[in-house]
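Structure file input.pdb with PDB, C-alpha atoms:
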```pdb
ATOM      1  CA  MET F1472      51.826  58.664  94.124  1.00  0.00           C
ATOM      2  CA  HIS F1473      54.983  56.651  93.410  1.00  0.00           C
ATOM      3  CA  LEU F1474      57.482  56.780  96.313  1.00  0.00           C
ATOM      4  CA  GLU F1475      55.061  58.732  98.474  1.00  0.00           C
ATOM      5  CA  GLU F1476      53.203  57.889 101.648  1.00  0.00           C
ATOM      6  CA  LYS F1477      50.206  59.900 102.775  1.00  0.00           C
ATOM      7  CA  THR F1478      49.821  60.480 106.516  1.00  0.00           C
ATOM      8  CA  LEU F1479      46.278  59.552 107.519  1.00  0.00           C
ATOM      9  CA  GLU F1480      46.615  59.991 111.300  1.00  0.00           C
ATOM     10  CA  SER F1481      49.328  61.168 113.658  1.00  0.00           C
ATOM     11  CA  GLU F1482      49.327  60.558 117.413  1.00  0.00           C
ATOM     12  CA  LEU F1483      51.830  62.072 119.834  1.00  0.00           C
ATOM     13  CA  VAL F1484      52.900  59.131 122.023  1.00  0.00           C
ATOM     14  CA  TYR F1485      55.711  60.770 123.998  1.00  0.00           C
ATOM     15  CA  ASP F1486      56.674  64.436 124.404  1.00  0.00           C
ATOM     16  CA  GLY F1487      60.169  64.496 125.893  1.00  0.00           C
ATOM     17  CA  LYS F1488      62.799  67.105 126.649  1.00  0.00           C
ATOM     18  CA  ILE F1489      64.691  66.365 123.422  1.00  0.00           C
ATOM     19  CA  VAL F1490      62.460  64.197 121.235  1.00  0.00           C
ATOM     20  CA  LYS F1491      58.814  63.681 120.449  1.00  0.00           C
ATOM     21  CA  LEU F1492      57.586  60.222 119.424  1.00  0.00           C
ATOM     22  CA  TYR F1493      54.653  59.949 117.033  1.00  0.00           C
ATOM     23  CA  ARG F1494      52.705  56.909 115.882  1.00  0.00           C
ATOM     24  CA  ASP F1495      51.374  57.639 112.412  1.00  0.00           C
ATOM     25  CA  LYS F1496      49.056  55.737 110.141  1.00  0.00           C
ATOM     26  CA  ALA F1497      50.167  56.106 106.514  1.00  0.00           C
ATOM     27  CA  LEU F1498      48.765  55.095 103.151  1.00  0.00           C
ATOM     28  CA  LEU F1499      51.190  53.380 100.761  1.00  0.00           C
ATOM     29  CA  GLU F1500      51.085  53.656  96.984  1.00  0.00           C
ATOM     30  CA  ASN F1501      49.418  50.210  96.756  1.00  0.00           C
ATOM     31  CA  ASN F1502      46.626  51.530  99.062  1.00  0.00           C
ATOM     32  CA  SER F1503      47.835  49.475 102.046  1.00  0.00           C
ATOM     33  CA  GLU F1504      47.851  51.162 105.441  1.00  0.00           C
ATOM     34  CA  VAL F1505      50.903  50.918 107.694  1.00  0.00           C
ATOM     35  CA  ILE F1506      51.983  52.224 111.089  1.00  0.00           C
ATOM     36  CA  ARG F1507      55.075  54.455 111.147  1.00  0.00           C
ATOM     37  CA  GLU F1508      56.824  55.400 114.367  1.00  0.00           C
ATOM     38  CA  VAL F1509      58.580  58.735 113.939  1.00  0.00           C
ATOM     39  CA  ILE F1510      60.920  60.506 116.325  1.00  0.00           C
ATOM     40  CA  LYS F1511      60.855  64.272 115.822  1.00  0.00           C
ATOM     41  CA  HIS F1512      64.148  65.866 116.827  1.00  0.00           C
ATOM     42  CA  PRO F1513      65.187  69.540 116.527  1.00  0.00           C
ATOM     43  CA  GLY F1514      68.467  68.628 114.828  1.00  0.00           C
ATOM     44  CA  GLY F1515      72.061  69.376 115.632  1.00  0.00           C
ATOM     45  CA  VAL F1516      75.361  70.842 114.550  1.00  0.00           C
ATOM     46  CA  CYS F1517      78.924  69.576 114.621  1.00  0.00           C
ATOM     47  CA  VAL F1518      82.142  71.479 114.057  1.00  0.00           C
ATOM     48  CA  VAL F1519      85.617  70.344 112.960  1.00  0.00           C
ATOM     49  CA  PRO F1520      87.905  72.822 114.768  1.00  0.00           C
ATOM     50  CA  LEU F1521      91.177  72.758 112.820  1.00  0.00           C
ATOM     51  CA  THR F1522      94.179  74.506 114.356  1.00  0.00           C
ATOM     52  CA  ASP F1523      96.918  76.306 112.439  1.00  0.00           C
ATOM     53  CA  ASN F1524      99.119  73.292 113.334  1.00  0.00           C
ATOM     54  CA  ASN F1525      96.717  70.967 111.476  1.00  0.00           C
ATOM     55  CA  GLU F1526      95.279  69.443 114.635  1.00  0.00           C
ATOM     56  CA  VAL F1527      91.614  68.754 115.319  1.00  0.00           C
ATOM     57  CA  ILE F1528      90.252  69.753 118.693  1.00  0.00           C
ATOM     58  CA  MET F1529      88.205  66.743 119.768  1.00  0.00           C
ATOM     59  CA  VAL F1530      86.153  65.863 122.817  1.00  0.00           C
ATOM     60  CA  THR F1531      85.741  62.589 124.654  1.00  0.00           C
ATOM     61  CA  GLN F1532      82.557  61.960 126.547  1.00  0.00           C
ATOM     62  CA  LEU F1533      80.369  59.175 127.812  1.00  0.00           C
ATOM     63  CA  ARG F1534      77.449  58.386 125.518  1.00  0.00           C
ATOM     64  CA  TYR F1535      74.854  56.974 127.866  1.00  0.00           C
ATOM     65  CA  PRO F1536      72.858  54.772 125.429  1.00  0.00           C
ATOM     66  CA  HIS F1537      76.026  52.852 124.518  1.00  0.00           C
ATOM     67  CA  GLN F1538      77.743  53.177 127.922  1.00  0.00           C
ATOM     68  CA  LYS F1539      80.962  54.021 126.068  1.00  0.00           C
ATOM     69  CA  VAL F1540      83.322  56.969 126.009  1.00  0.00           C
ATOM     70  CA  LEU F1541      83.493  58.222 122.433  1.00  0.00           C
ATOM     71  CA  THR F1542      85.907  60.551 120.676  1.00  0.00           C
ATOM     72  CA  GLU F1543      83.949  63.168 118.734  1.00  0.00           C
ATOM     73  CA  ILE F1544      84.162  66.630 117.285  1.00  0.00           C
ATOM     74  CA  PRO F1545      82.308  69.325 119.241  1.00  0.00           C
ATOM     75  CA  ALA F1546      78.584  69.179 118.614  1.00  0.00           C
ATOM     76  CA  GLY F1547      75.251  70.026 120.085  1.00  0.00           C
ATOM     77  CA  LYS F1548      71.507  69.994 119.756  1.00  0.00           C
ATOM     78  CA  LEU F1549      69.589  72.805 118.138  1.00  0.00           C
ATOM     79  CA  GLU F1550      66.803  74.459 120.044  1.00  0.00           C
ATOM     80  CA  TRP F1551      63.522  74.155 118.089  1.00  0.00           C
ATOM     81  CA  GLY F1552      63.747  76.761 115.303  1.00  0.00           C
ATOM     82  CA  GLU F1553      67.338  77.821 116.067  1.00  0.00           C
ATOM     83  CA  ASP F1554      69.750  78.802 113.279  1.00  0.00           C
ATOM     84  CA  HIS F1555      72.359  76.038 112.822  1.00  0.00           C
ATOM     85  CA  PHE F1556      75.299  78.388 112.215  1.00  0.00           C
ATOM     86  CA  SER F1557      74.664  80.239 115.495  1.00  0.00           C
ATOM     87  CA  CYS F1558      74.317  76.910 117.285  1.00  0.00           C
ATOM     88  CA  GLY F1559      77.611  75.676 115.814  1.00  0.00           C
ATOM     89  CA  LYS F1560      79.503  78.745 117.008  1.00  0.00           C
ATOM     90  CA  ARG F1561      77.922  78.441 120.459  1.00  0.00           C
ATOM     91  CA  GLU F1562      78.728  74.728 120.797  1.00  0.00           C
ATOM     92  CA  LEU F1563      82.336  75.226 119.672  1.00  0.00           C
ATOM     93  CA  LYS F1564      82.838  77.867 122.371  1.00  0.00           C
ATOM     94  CA  GLU F1565      80.963  75.945 125.076  1.00  0.00           C
ATOM     95  CA  GLU F1566      82.770  72.650 124.562  1.00  0.00           C
ATOM     96  CA  THR F1567      86.276  73.777 123.612  1.00  0.00           C
ATOM     97  CA  GLY F1568      86.487  77.445 124.545  1.00  0.00           C
ATOM     98  CA  CYS F1569      87.367  78.280 120.943  1.00  0.00           C
ATOM     99  CA  THR F1570      86.095  80.873 118.531  1.00  0.00           C
ATOM    100  CA  ALA F1571      86.916  80.856 114.815  1.00  0.00           C
ATOM    101  CA  GLU F1572      87.630  83.473 112.153  1.00  0.00           C
ATOM    102  CA  LYS F1573      86.319  81.323 109.311  1.00  0.00           C
ATOM    103  CA  TYR F1574      83.623  78.685 108.988  1.00  0.00           C
ATOM    104  CA  ASP F1575      83.040  76.475 105.962  1.00  0.00           C
ATOM    105  CA  TYR F1576      79.662  74.778 105.700  1.00  0.00           C
ATOM    106  CA  LEU F1577      80.194  71.080 104.930  1.00  0.00           C
ATOM    107  CA  GLY F1578      76.527  70.222 104.390  1.00  0.00           C
ATOM    108  CA  CYS F1579      74.143  68.162 106.435  1.00  0.00           C
ATOM    109  CA  LEU F1580      73.488  64.521 107.172  1.00  0.00           C
ATOM    110  CA  LEU F1581      70.446  62.459 108.104  1.00  0.00           C
ATOM    111  CA  PRO F1582      71.768  60.073 110.776  1.00  0.00           C
ATOM    112  CA  THR F1583      68.717  57.788 110.998  1.00  0.00           C
ATOM    113  CA  PRO F1584      66.252  58.688 108.219  1.00  0.00           C
ATOM    114  CA  ALA F1585      64.090  55.578 108.574  1.00  0.00           C
ATOM    115  CA  TYR F1586      62.458  56.765 111.799  1.00  0.00           C
ATOM    116  CA  ASP F1587      63.995  60.064 112.961  1.00  0.00           C
ATOM    117  CA  THR F1588      63.672  63.627 111.576  1.00  0.00           C
ATOM    118  CA  GLU F1589      67.084  64.709 112.945  1.00  0.00           C
ATOM    119  CA  VAL F1590      69.309  66.699 110.565  1.00  0.00           C
ATOM    120  CA  ILE F1591      72.906  67.413 111.593  1.00  0.00           C
ATOM    121  CA  HIS F1592      74.697  70.379 109.998  1.00  0.00           C
ATOM    122  CA  MET F1593      78.483  70.183 109.679  1.00  0.00           C
ATOM    123  CA  TYR F1594      81.070  72.966 109.712  1.00  0.00           C
ATOM    124  CA  LEU F1595      84.838  73.311 109.440  1.00  0.00           C
ATOM    125  CA  ALA F1596      86.188  76.058 111.724  1.00  0.00           C
ATOM    126  CA  ARG F1597      89.585  77.662 111.087  1.00  0.00           C
ATOM    127  CA  GLY F1598      91.539  80.601 112.484  1.00  0.00           C
ATOM    128  CA  LEU F1599      90.883  79.458 116.029  1.00  0.00           C
ATOM    129  CA  SER F1600      91.341  81.579 119.129  1.00  0.00           C
ATOM    130  CA  GLN F1601      91.301  80.033 122.582  1.00  0.00           C
ATOM    131  CA  ALA F1602      89.091  81.408 125.350  1.00  0.00           C
ATOM    132  CA  GLU F1603      87.351  79.764 128.291  1.00  0.00           C
ATOM    133  CA  GLN F1604      85.274  76.599 127.999  1.00  0.00           C
ATOM    134  CA  LYS F1605      81.656  77.036 129.190  1.00  0.00           C
ATOM    135  CA  LEU F1606      80.109  73.593 129.554  1.00  0.00           C
ATOM    136  CA  ASP F1607      76.445  73.117 130.396  1.00  0.00           C
ATOM    137  CA  ALA F1608      75.807  72.070 134.013  1.00  0.00           C
ATOM    138  CA  ASP F1609      75.065  68.478 132.948  1.00  0.00           C
ATOM    139  CA  GLU F1610      77.922  68.200 130.444  1.00  0.00           C
ATOM    140  CA  PHE F1611      81.158  66.384 131.262  1.00  0.00           C
ATOM    141  CA  LEU F1612      83.866  65.956 128.648  1.00  0.00           C
ATOM    142  CA  ASP F1613      87.592  66.141 128.034  1.00  0.00           C
ATOM    143  CA  VAL F1614      89.177  68.165 125.244  1.00  0.00           C
ATOM    144  CA  LYS F1615      92.216  66.984 123.308  1.00  0.00           C
ATOM    145  CA  LYS F1616      94.080  67.860 120.141  1.00  0.00           C
ATOM    146  CA  ILE F1617      94.689  65.127 117.592  1.00  0.00           C
ATOM    147  CA  PRO F1618      96.756  65.599 114.420  1.00  0.00           C
ATOM    148  CA  PHE F1619      94.294  65.803 111.521  1.00  0.00           C
ATOM    149  CA  ASP F1620      95.797  62.881 109.586  1.00  0.00           C
ATOM    150  CA  LYS F1621      95.720  60.762 112.755  1.00  0.00           C
ATOM    151  CA  ALA F1622      92.023  61.613 113.273  1.00  0.00           C
ATOM    152  CA  VAL F1623      91.242  60.499 109.709  1.00  0.00           C
ATOM    153  CA  GLU F1624      93.227  57.308 110.345  1.00  0.00           C
ATOM    154  CA  MET F1625      91.166  56.744 113.507  1.00  0.00           C
ATOM    155  CA  VAL F1626      87.995  57.004 111.408  1.00  0.00           C
ATOM    156  CA  MET F1627      89.303  54.498 108.881  1.00  0.00           C
ATOM    157  CA  ASN F1628      90.456  51.946 111.476  1.00  0.00           C
ATOM    158  CA  GLY F1629      87.255  52.109 113.538  1.00  0.00           C
ATOM    159  CA  GLU F1630      88.573  53.988 116.578  1.00  0.00           C
ATOM    160  CA  ILE F1631      86.167  56.866 115.887  1.00  0.00           C
ATOM    161  CA  THR F1632      82.704  55.352 115.510  1.00  0.00           C
ATOM    162  CA  ASP F1633      80.495  58.447 115.800  1.00  0.00           C
ATOM    163  CA  ALA F1634      78.827  59.011 112.401  1.00  0.00           C
ATOM    164  CA  LYS F1635      78.794  62.814 112.413  1.00  0.00           C
ATOM    165  CA  THR F1636      82.479  62.905 113.353  1.00  0.00           C
ATOM    166  CA  GLN F1637      83.398  60.370 110.686  1.00  0.00           C
ATOM    167  CA  LEU F1638      81.579  62.186 107.913  1.00  0.00           C
ATOM    168  CA  ALA F1639      82.675  65.686 108.901  1.00  0.00           C
ATOM    169  CA  LEU F1640      86.335  64.639 109.134  1.00  0.00           C
ATOM    170  CA  LEU F1641      86.257  62.865 105.770  1.00  0.00           C
ATOM    171  CA  LYS F1642      84.489  65.805 104.105  1.00  0.00           C
ATOM    172  CA  THR F1643      87.091  68.125 105.636  1.00  0.00           C
ATOM    173  CA  LYS F1644      89.854  65.934 104.207  1.00  0.00           C
ATOM    174  CA  LEU F1645      88.350  66.213 100.717  1.00  0.00           C
ATOM    175  CA  LEU F1646      87.858  69.958 101.079  1.00  0.00           C
ATOM    176  CA  LEU F1647      91.454  70.503 102.205  1.00  0.00           C
ATOM    177  CA  GLU F1648      92.770  68.357  99.346  1.00  0.00           C
ATOM    178  CA  SER F1649      90.728  70.378  96.831  1.00  0.00           C
ATOM    179  CA  GLU F1650      92.222  73.628  98.220  1.00  0.00           C
ATOM    180  CA  ARG F1651      95.807  72.475  97.563  1.00  0.00           C
TER
END
```
Please, can you express the file's structure as C-alpha cells?
Amino acid sequence: MHLEEKTLESELVYDGKIVKLYRDKALLENNSEVIREVIKHPGGVCVVPLTDNNEVIMVTQLRYPHQKVLTEIPAGKLEWGEDHFSCGKRELKEETGCTAEKYDYLGCLLPTPAYDTEVIHMYLARGLSQAEQKLDADEFLDVKKIPFDKAVEMVMNGEITDAKTQLALLKTKLLLESER
C-alpha cells in the first residue's frame, strides 16, 4: 500500500453550482487516519488561438477571488461528463468569436492536485476564422491580439500570471519550434 491512501468515509459538505466539497477520512500506509478536504470540479479547457500573423487572441477579465483583471487565453469550464474538445471549440467561439480549421492537443494539467480534482485540457487552434462573439450572460471580457513572442515574454516577466495560460503558451512555443 505504498503511496496509497484508502478512503474510509466521504461526506459531501457543500454542493455548489461549480464545485462540490467533500470531507473524507483516509487511511495512510502507516495505518494512521487523516482528514482530507477534496474539491470535486468538472474540469476545464483552454485554447491558444494563433492567427496567421503569429498573434495570440487573448482575453482580459476580472477574476473575482483575486479582485484583479488578468490576461488569459480563452477558456471555460466543462459540464459534468462533457467532451473537452467540444468544450474547447465552444469556448473559443463564445469568448472570441473564432472558429479554427486545426486543433492540436497540448495535454492536460492539474492546477491544484493537493485538494482539487480539476483537470484542464489545453489546445492550440490554428487556421482561425472570425465570426461573432457569444458571451454568456454573466461573462464580461475584452478580446485583444498580442504578438506570440510578446505573450511568451509576458509569461516570463510575470505579466501573465494565470497558470493555464502560462503552460499552454510555453507548450505552444515548444511545439512551434519543433515544427520548424
- Option closest in space to Ile1591 (chain F), from F:Leu1646, F:Val1509, F:Leu1499, F:Cys1579 [counting all atoms listed in the file]: F:Cys1579
- Take the PyMOL selection byres ((chain F and resi 1615) around 9), apply it to the structure above, and return the hits as JSON, numbers by chain. {"F": [1527, 1528, 1529, 1530, 1531, 1613, 1614, 1616, 1617]}
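For the residues F:Asn1502, F:Gln1532, F:Thr1542, F:Thr1567, ranking by smallest atom-to-atom distance to Thr1636 (chain F) using only C-alpha atoms places F:Thr1542 first.
Shortest atom-to-atom contact with Thr1583 (chain F) among F:Leu1474, F:Glu1482, F:Thr1632, F:Ile1510: F:Ile1510, counting all atoms listed in the file.
You will find CA of Leu1533 (chain F) at 26.2 Å from CA of Gly1578 (chain F).
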Which residues match the PyMOL selection byres ((chain F and resi 1558) around 12) in the file above, as a PDB file with C-alpha atoms, keeping the file's coordinate frame?
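Wrote it out as out_27.pdb, contents follow:
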```pdb
ATOM      1  CA  PRO F1513      65.187  69.540 116.527  1.00  0.00           C
ATOM      2  CA  GLY F1514      68.467  68.628 114.828  1.00  0.00           C
ATOM      3  CA  GLY F1515      72.061  69.376 115.632  1.00  0.00           C
ATOM      4  CA  VAL F1516      75.361  70.842 114.550  1.00  0.00           C
ATOM      5  CA  CYS F1517      78.924  69.576 114.621  1.00  0.00           C
ATOM      6  CA  VAL F1518      82.142  71.479 114.057  1.00  0.00           C
ATOM      7  CA  PRO F1545      82.308  69.325 119.241  1.00  0.00           C
ATOM      8  CA  ALA F1546      78.584  69.179 118.614  1.00  0.00           C
ATOM      9  CA  GLY F1547      75.251  70.026 120.085  1.00  0.00           C
ATOM     10  CA  LYS F1548      71.507  69.994 119.756  1.00  0.00           C
ATOM     11  CA  LEU F1549      69.589  72.805 118.138  1.00  0.00           C
ATOM     12  CA  GLU F1550      66.803  74.459 120.044  1.00  0.00           C
ATOM     13  CA  TRP F1551      63.522  74.155 118.089  1.00  0.00           C
ATOM     14  CA  GLY F1552      63.747  76.761 115.303  1.00  0.00           C
ATOM     15  CA  GLU F1553      67.338  77.821 116.067  1.00  0.00           C
ATOM     16  CA  ASP F1554      69.750  78.802 113.279  1.00  0.00           C
ATOM     17  CA  HIS F1555      72.359  76.038 112.822  1.00  0.00           C
ATOM     18  CA  PHE F1556      75.299  78.388 112.215  1.00  0.00           C
ATOM     19  CA  SER F1557      74.664  80.239 115.495  1.00  0.00           C
ATOM     20  CA  GLY F1559      77.611  75.676 115.814  1.00  0.00           C
ATOM     21  CA  LYS F1560      79.503  78.745 117.008  1.00  0.00           C
ATOM     22  CA  ARG F1561      77.922  78.441 120.459  1.00  0.00           C
ATOM     23  CA  GLU F1562      78.728  74.728 120.797  1.00  0.00           C
ATOM     24  CA  LEU F1563      82.336  75.226 119.672  1.00  0.00           C
ATOM     25  CA  LYS F1564      82.838  77.867 122.371  1.00  0.00           C
ATOM     26  CA  GLU F1565      80.963  75.945 125.076  1.00  0.00           C
ATOM     27  CA  GLU F1566      82.770  72.650 124.562  1.00  0.00           C
ATOM     28  CA  ILE F1591      72.906  67.413 111.593  1.00  0.00           C
ATOM     29  CA  HIS F1592      74.697  70.379 109.998  1.00  0.00           C
ATOM     30  CA  MET F1593      78.483  70.183 109.679  1.00  0.00           C
ATOM     31  CA  TYR F1594      81.070  72.966 109.712  1.00  0.00           C
TER      32      TYR F1594
END
```
- Any chance you could resolve the PyMOL selection byres ((chain F and resi 1473) around 10) against this file and give the residues as a PyMOL selection string? chain F and resi 1472+1474-1476+1499-1501
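Atom to atom, CA of Glu1508 (chain F) and CA of Gly1487 (chain F) stand 15.1 Å apart.
You will find CA of Tyr1485 (chain F) at 25.1 Å from CA of Ala1608 (chain F).
Each of F:Leu1638, F:Leu1581, F:Ala1571, F:Val1540 was compared to Phe1611 (chain F) using all atoms listed in the file, and F:Val1540 turns out to be the nearest.
Residues with any atom within 9 Å of Asp1523 (chain F), counting only C-alpha atoms and excluding same-chain neighbours fewer than 2 positions away, are Leu1521, Asn1525, Glu1526, Arg1597, Gly1598 and Leu1599 of chain F.
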- Near-Leu1498 (chain F) list (8 Å; only C-alpha atoms; drop same-chain fewer than 6 positions) as a VMD selection string: chain F and resid 1476 to 1479 1504 to 1505
Would you kindly return, as a CSV table (one decimal) with C-alpha atoms, keeping the file's coordinate frame, each protein, DNA or RNA residue with an atom no farther than 12 Å from any atom of Leu1645 (chain F), considering only C-alpha atoms and excluding same-chain residues fewer than 5 positions away?
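Written output follows (out_13.csv):
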```csv
chain,number,residue,atom,x,y,z
F,1577,LEU,CA,80.2,71.1,104.9
F,1595,LEU,CA,84.8,73.3,109.4
F,1623,VAL,CA,91.2,60.5,109.7
F,1638,LEU,CA,81.6,62.2,107.9
F,1639,ALA,CA,82.7,65.7,108.9
F,1640,LEU,CA,86.3,64.6,109.1
F,1650,GLU,CA,92.2,73.6,98.2
F,1651,ARG,CA,95.8,72.5,97.6
```
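Taking only C-alpha atoms into account, the polymer residues that have an atom no farther than 7 Å from (46.7, 55.4, 111.2) are Leu1479, Glu1480, Ser1481, Asp1495, Lys1496, Ala1497 and Ile1506 of chain F.
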Let's have the selection written as a compact mmCIF listing (two decimals), in the frame of the given file, with C-alpha atoms.
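Dumped everything to result32.txt:
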```
# COMPACT_ATOMS: atom_id res chain seq x y z
CA LEU F 1479 46.28 59.55 107.52
CA GLU F 1480 46.62 59.99 111.30
CA SER F 1481 49.33 61.17 113.66
CA ASP F 1495 51.37 57.64 112.41
CA LYS F 1496 49.06 55.74 110.14
CA ALA F 1497 50.17 56.11 106.51
CA ILE F 1506 51.98 52.22 111.09
```
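Nearest residue to Tyr1576 (chain F) among F:Ala1622, F:Val1590, F:Leu1612, F:Val1519 is F:Val1519, counting only C-alpha atoms.
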Coords for region 1615-1624 of chain F, all heavy atoms, as a PDB file, in the first residue's frame:
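Once everything was written out, this is result10.pdb:
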```
ATOM      1  N   LYS F1615      -8.191  40.836 -27.167  1.00  0.00           N
ATOM      2  CA  LYS F1615      -7.108  41.572 -27.813  1.00  0.00           C
ATOM      3  C   LYS F1615      -6.112  40.602 -28.425  1.00  0.00           C
ATOM      4  O   LYS F1615      -6.009  39.451 -27.989  1.00  0.00           O
ATOM      5  CB  LYS F1615      -6.403  42.503 -26.826  1.00  0.00           C
ATOM      6  CG  LYS F1615      -5.735  41.839 -25.646  1.00  0.00           C
ATOM      7  CD  LYS F1615      -5.151  42.890 -24.719  1.00  0.00           C
ATOM      8  CE  LYS F1615      -4.532  42.296 -23.479  1.00  0.00           C
ATOM      9  NZ  LYS F1615      -3.972  43.317 -22.607  1.00  0.00           N
ATOM     10  N   LYS F1616      -5.435  41.073 -29.444  1.00  0.00           N
ATOM     11  CA  LYS F1616      -4.399  40.268 -30.100  1.00  0.00           C
ATOM     12  C   LYS F1616      -3.041  40.717 -29.585  1.00  0.00           C
ATOM     13  O   LYS F1616      -2.762  41.916 -29.521  1.00  0.00           O
ATOM     14  CB  LYS F1616      -4.462  40.430 -31.616  1.00  0.00           C
ATOM     15  CG  LYS F1616      -5.695  39.834 -32.234  1.00  0.00           C
ATOM     16  CD  LYS F1616      -5.709  40.050 -33.736  1.00  0.00           C
ATOM     17  CE  LYS F1616      -6.976  39.486 -34.336  1.00  0.00           C
ATOM     18  NZ  LYS F1616      -7.070  39.759 -35.776  1.00  0.00           N
ATOM     19  N   ILE F1617      -2.221  39.750 -29.241  1.00  0.00           N
ATOM     20  CA  ILE F1617      -0.867  40.026 -28.758  1.00  0.00           C
ATOM     21  C   ILE F1617       0.095  39.203 -29.603  1.00  0.00           C
ATOM     22  O   ILE F1617      -0.127  37.992 -29.786  1.00  0.00           O
ATOM     23  CB  ILE F1617      -0.717  39.651 -27.263  1.00  0.00           C
ATOM     24  CG1 ILE F1617      -1.683  40.480 -26.412  1.00  0.00           C
ATOM     25  CG2 ILE F1617       0.714  39.825 -26.785  1.00  0.00           C
ATOM     26  CD1 ILE F1617      -1.711  40.105 -24.939  1.00  0.00           C
ATOM     27  N   PRO F1618       1.158  39.802 -30.134  1.00  0.00           N
ATOM     28  CA  PRO F1618       2.144  39.005 -30.867  1.00  0.00           C
ATOM     29  C   PRO F1618       2.601  37.823 -30.002  1.00  0.00           C
ATOM     30  O   PRO F1618       2.824  37.972 -28.791  1.00  0.00           O
ATOM     31  CB  PRO F1618       3.283  39.985 -31.136  1.00  0.00           C
ATOM     32  CG  PRO F1618       2.618  41.332 -31.113  1.00  0.00           C
ATOM     33  CD  PRO F1618       1.528  41.222 -30.077  1.00  0.00           C
ATOM     34  N   PHE F1619       2.717  36.647 -30.628  1.00  0.00           N
ATOM     35  CA  PHE F1619       3.030  35.438 -29.870  1.00  0.00           C
ATOM     36  C   PHE F1619       4.293  35.590 -29.031  1.00  0.00           C
ATOM     37  O   PHE F1619       4.305  35.257 -27.836  1.00  0.00           O
ATOM     38  CB  PHE F1619       3.146  34.229 -30.812  1.00  0.00           C
ATOM     39  CG  PHE F1619       3.461  32.971 -30.075  1.00  0.00           C
ATOM     40  CD1 PHE F1619       2.498  32.342 -29.305  1.00  0.00           C
ATOM     41  CD2 PHE F1619       4.733  32.429 -30.123  1.00  0.00           C
ATOM     42  CE1 PHE F1619       2.792  31.185 -28.591  1.00  0.00           C
ATOM     43  CE2 PHE F1619       5.038  31.271 -29.427  1.00  0.00           C
ATOM     44  CZ  PHE F1619       4.066  30.644 -28.656  1.00  0.00           C
ATOM     45  N   ASP F1620       5.371  36.091 -29.626  1.00  0.00           N
ATOM     46  CA  ASP F1620       6.619  36.242 -28.863  1.00  0.00           C
ATOM     47  C   ASP F1620       6.450  37.199 -27.685  1.00  0.00           C
ATOM     48  O   ASP F1620       7.037  36.988 -26.620  1.00  0.00           O
ATOM     49  CB  ASP F1620       7.760  36.715 -29.777  1.00  0.00           C
ATOM     50  CG  ASP F1620       8.208  35.636 -30.753  1.00  0.00           C
ATOM     51  OD1 ASP F1620       7.977  34.435 -30.470  1.00  0.00           O
ATOM     52  OD2 ASP F1620       8.783  35.989 -31.800  1.00  0.00           O
ATOM     53  N   LYS F1621       5.637  38.225 -27.851  1.00  0.00           N
ATOM     54  CA  LYS F1621       5.359  39.160 -26.758  1.00  0.00           C
ATOM     55  C   LYS F1621       4.584  38.445 -25.643  1.00  0.00           C
ATOM     56  O   LYS F1621       4.852  38.656 -24.455  1.00  0.00           O
ATOM     57  CB  LYS F1621       4.572  40.372 -27.284  1.00  0.00           C
ATOM     58  CG  LYS F1621       4.083  41.326 -26.211  1.00  0.00           C
ATOM     59  CD  LYS F1621       5.208  42.066 -25.524  1.00  0.00           C
ATOM     60  CE  LYS F1621       4.658  43.080 -24.542  1.00  0.00           C
ATOM     61  NZ  LYS F1621       5.657  43.559 -23.605  1.00  0.00           N
ATOM     62  N   ALA F1622       3.628  37.593 -26.003  1.00  0.00           N
ATOM     63  CA  ALA F1622       2.862  36.854 -24.996  1.00  0.00           C
ATOM     64  C   ALA F1622       3.778  35.941 -24.193  1.00  0.00           C
ATOM     65  O   ALA F1622       3.662  35.852 -22.961  1.00  0.00           O
ATOM     66  CB  ALA F1622       1.744  36.057 -25.659  1.00  0.00           C
ATOM     67  N   VAL F1623       4.710  35.278 -24.863  1.00  0.00           N
ATOM     68  CA  VAL F1623       5.672  34.416 -24.150  1.00  0.00           C
ATOM     69  C   VAL F1623       6.545  35.270 -23.231  1.00  0.00           C
ATOM     70  O   VAL F1623       6.805  34.897 -22.083  1.00  0.00           O
ATOM     71  CB  VAL F1623       6.527  33.597 -25.152  1.00  0.00           C
ATOM     72  CG1 VAL F1623       7.684  32.899 -24.449  1.00  0.00           C
ATOM     73  CG2 VAL F1623       5.648  32.585 -25.891  1.00  0.00           C
ATOM     74  N   GLU F1624       6.963  36.424 -23.720  1.00  0.00           N
ATOM     75  CA  GLU F1624       7.745  37.354 -22.885  1.00  0.00           C
ATOM     76  C   GLU F1624       6.942  37.778 -21.653  1.00  0.00           C
ATOM     77  O   GLU F1624       7.484  37.866 -20.543  1.00  0.00           O
ATOM     78  CB  GLU F1624       8.125  38.572 -23.729  1.00  0.00           C
ATOM     79  CG  GLU F1624       8.936  39.619 -23.009  1.00  0.00           C
ATOM     80  CD  GLU F1624       9.185  40.841 -23.894  1.00  0.00           C
ATOM     81  OE1 GLU F1624       9.600  40.667 -25.062  1.00  0.00           O
ATOM     82  OE2 GLU F1624       8.953  41.976 -23.407  1.00  0.00           O
TER      83      GLU F1624
END
```
